[in-house]
Every structure is written in C-alpha cells, then in structure tokens.
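Reading through the structure tokens given below for one structure.
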Amino acid sequence: MTHDLDSNDDFGPDLELAEALAHFDPEHQDPSYWYRFRQWILENAAGELARRRLIHELTVGDVMTSWARTVVPVALLAAILAGLLLMRDQSVVPVRPVGIEELLVSGVEGQTIPSALAPSETSDPVAFASEVF
Amino acid sequence: MSLRATDHPDDSELVLRARKGEELALSMLIERYQKSAYALALSVTGRHEDAEDAAQESFLVALDQLDECRDPERFAGWFMTIVRNRSRNLIRRESLRQTSDVPQGTRSRIPTPDKIAETSELRETLQQAIAELPEIQQEVVLLHDLEGWKHREIAERLGIPSGTVRSHLHFARKALKQALAEIPDGSDLIRKVQ
C-alpha cells in the first residue's frame, strides 16, 4: 500500500503515482514556467483591472466635477459672447423716454394754442376756436 | 488596507479585492489556482498547449465575469466550471490534435538521449491511460495526485459528494498503476527519469 487514510478520511498521496504524474507539470522541465504563465495573464488583464479601479474610485463628487468641467467653460463663453454683442450695440442712439403729452403733440408743426394766437385775440373765445381747429 | 505579498487572505477577500481592480489580489488567485486549472484543462484536452491556452483564458474570463460569482467563498468551484467549459470549447474547435512529448514554450534543460526516451515513454503511457479514464476520474486523479487537493476540497469544488470522489480516485489510480505496470521496468522508469 502506498497510501493510508489520514485523519480526514482522505486516501492521502500515492507517492509512486504522484512522482509519475509530476512529469505532466511543466515546471518539471522549466522552473520559471508558472511565473511566465502568471505574467501572461496579468499583462492581458491589465486593461480590465484598470477599468475596475476607475469605476471603484469614482464618487458623486467626481461626477459633479466632471460636469463642471464642461458646463462652466460653456457658460463662461456664452457670457463673453453676450457681453460682446451688447457692447457692439452702443453705437445706436439711445431711446429717450417721453411723456404722454409730448407723444401726442409730436410731429405737429403748428404752434401751440397760446402762442399761435395774437395777444388781442386771446380775449375772443370764437376767434380762439376758429384759428386753431 | 492594502494587500501585501506576505498576507494569506481567503478566496472571498481576494475575489472582493480583484473586483475593485487590485492586481496583487488577482495575482494571488492565479498563483493559488494556476496548477489545478492547468491539471483540469489537461484532463479534458489531453495536450499541454491546449491546457495552457484553456487555463490562461479561463482566468481572463473569470476576471471579466467576477461580478457574477455570487458566493466568493466558493470561487474555486465556480472557477473550475469555467475551466472545464473553456477546455471543452477548445477541443470542439480543433479538428486535428497532435501529441507533443515536450511542452512547447518551456525552456527545458537538454536531457540525455536515454532520459528523453524514458520520459517520452512514461508520459505517453500515462497520457494514454489518463485519456482512457472517464472525464470525472481524470479530473479527480489529477487534482488529487498532481495538485495535492484533499477529497473534501475536490468534492466541494467540483460539486460532487466526498464518497464519490474517493470512489473515482480509487478506480483512476488502479487503472493508471496498471498501465505503469505494463511498461517494462515501469517502477524503475519513474525513478530513472527524476
């Protein structure tokens, strides 16, 4: 018998068979085999590992910051453009506010009632009406 | 807290860390299961090159699907299923299979001619004997006698009862030792090629 039951009721190693099967272990002929085996996997897994690290490290603040990086410059640019447009319109004559009375008589070339009438005519009410209207 | 190379975390912790992209955690998982993955792949494919491809690809697939490992404590069984499936898919894709006496891609020391012949004969005999075993017996005998897994570990990770593992191991060993006994000076051959 090349094996005995151990305390866990396991057959235990079969030394003769284990020695024969050891020839299937590539390390039997190349001591560095398993190191290179592992390195190949890690090199090809680098991208996926980096992706996972990025996702894990991303927080809510990072999301807001990333938005701010885009929104703030765009808003600033829009403000500058608006300011430039406003400044360009300074050449136009500004509109002067006018009252209702002035608005009503604007464009009327005739003299006003008191100045149109001669001093002698102001006492006659009929003359007043015929001269102006 | 960062993982150190001298730590000995369990599978669950390594899986959780690898999910976050920790390279050292993945490296530890690979080191822990590389040989058993290779042994299992070899039992299915029968060729070193195919076993190497299947085992390495399985680790990459496992990393991609790591979030789907519902119970990190049972990573080994989940991972071995991936290895088995990748191995079967690989042999299905191949139309021609060639046996090789010496694993390719290894920097082997140049053995003496006698040693080459003896090693080749031993490997061929064992390879043929293993190939004739049912797949489950191939897996059990390689995981137990090549990788050193216990019955309980094999049972848990392959999802079969411990008693079944013992039974498969018993019959597999019997068949392999019978094959070795048919080689002239078989026992001496094992001692000579070391």
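We label chains A, B, ... in the order they appear in the structure tokens, count residues from 1 in each chain, and number ligands from 1 in the order shown.
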Leaving out range 31-47 of chain A and any residue of its chain fewer than 5 positions from it, which residues lie within 8 Å of it when counting only C-alpha atoms, given as a compact mmCIF listing (two decimals) with N, CA, C and O atoms, in the first residue's frame?
```
# COMPACT_ATOMS: atom_id res chain seq x y z
N PRO A 26 4.57 21.28 -16.11
CA PRO A 26 5.57 21.94 -16.95
C PRO A 26 6.77 22.44 -16.16
O PRO A 26 7.87 22.59 -16.70
N GLU B 23 -4.42 44.39 -8.54
CA GLU B 23 -3.62 43.43 -9.30
C GLU B 23 -3.03 42.35 -8.41
O GLU B 23 -2.96 41.18 -8.78
N LEU B 26 -5.52 39.62 -7.75
CA LEU B 26 -5.68 38.73 -8.90
C LEU B 26 -4.48 37.80 -9.02
O LEU B 26 -4.60 36.61 -9.29
N SER B 27 -3.29 38.37 -8.80
CA SER B 27 -2.06 37.57 -8.89
C SER B 27 -2.08 36.43 -7.88
O SER B 27 -1.67 35.30 -8.18
N ILE B 30 -4.45 33.73 -9.08
CA ILE B 30 -3.83 32.95 -10.17
C ILE B 30 -2.83 31.95 -9.59
O ILE B 30 -2.85 30.77 -9.94
N GLU B 31 -2.00 32.45 -8.69
CA GLU B 31 -0.98 31.57 -8.12
C GLU B 31 -1.62 30.41 -7.35
O GLU B 31 -1.12 29.29 -7.36
N GLN B 34 -3.53 28.22 -10.47
CA GLN B 34 -2.97 28.02 -11.81
C GLN B 34 -2.69 26.55 -12.10
O GLN B 34 -2.99 26.05 -13.19
N GLN B 56 -5.20 29.66 -19.11
CA GLN B 56 -4.94 31.10 -19.09
C GLN B 56 -6.19 31.90 -19.48
O GLN B 56 -6.53 32.90 -18.86
N GLU B 57 -6.87 31.44 -20.53
CA GLU B 57 -8.08 32.14 -20.97
C GLU B 57 -9.15 32.10 -19.87
O GLU B 57 -9.91 33.06 -19.71
N PHE B 59 -8.76 32.29 -16.70
CA PHE B 59 -8.53 33.35 -15.71
C PHE B 59 -9.04 34.69 -16.23
O PHE B 59 -9.61 35.50 -15.48
N LEU B 60 -8.83 34.96 -17.51
CA LEU B 60 -9.30 36.22 -18.08
C LEU B 60 -10.83 36.26 -18.11
O LEU B 60 -11.44 37.29 -17.82
N LEU B 63 -12.11 36.91 -14.62
CA LEU B 63 -11.99 38.31 -14.23
C LEU B 63 -13.12 39.14 -14.84
O LEU B 63 -13.72 39.98 -14.18
N THR B 106 8.49 26.12 -23.14
CA THR B 106 9.24 26.00 -21.89
C THR B 106 10.72 25.93 -22.21
O THR B 106 11.13 25.41 -23.24
```
Wanna dump the chain A-chain B contacts at 6 Å for me, each residue with its shortest atom pair and the distance in Å to one decimal, counting only C-alpha atoms, ordered by chain and number, as CSV?
```
residue,atom,partner,partner_atom,distance
A:Asp10,CA,B:His151,CA,6.0
A:Ala18,CA,B:Asp145,CA,5.2
A:Leu21,CA,B:Leu146,CA,5.9
A:Gln29,CA,B:Ser108,CA,4.9
A:Asp30,CA,B:Ser108,CA,5.1
A:Leu49,CA,B:Gly21,CA,4.2
A:Arg52,CA,B:Gly21,CA,4.8
A:Arg53,CA,B:Gly21,CA,4.7
A:His56,CA,B:Lys20,CA,5.8
```
Exercise. Find the distance between CA of Glu156 in chain B and CA of Arg74 in chain B and write it in Å to one decimal.
Key: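 Taking CA of Glu156 in chain B as the start and CA of Arg74 in chain B as the end point, the length is 8.3 Å.
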Practice problem: Write out as a PyMOL selection string the residues lying within 10 Å of Arg92 in chain B, counting only C-alpha atoms and excluding same-chain residues fewer than 5 positions away. | Solution: chain B and resi 45+86-87
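Shortest separation to Cys69 in chain B among B:Asp11, B:Ala25, B:Thr125, B:Ala41 occurs at residue B:Asp11, atoms counted being only C-alpha atoms.
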Exercise. Mind giving me the straight-line distance from CA of Leu15 in chain A to CA of Ile160 in chain B in Å, one decimal?
Key: 24.9 Å
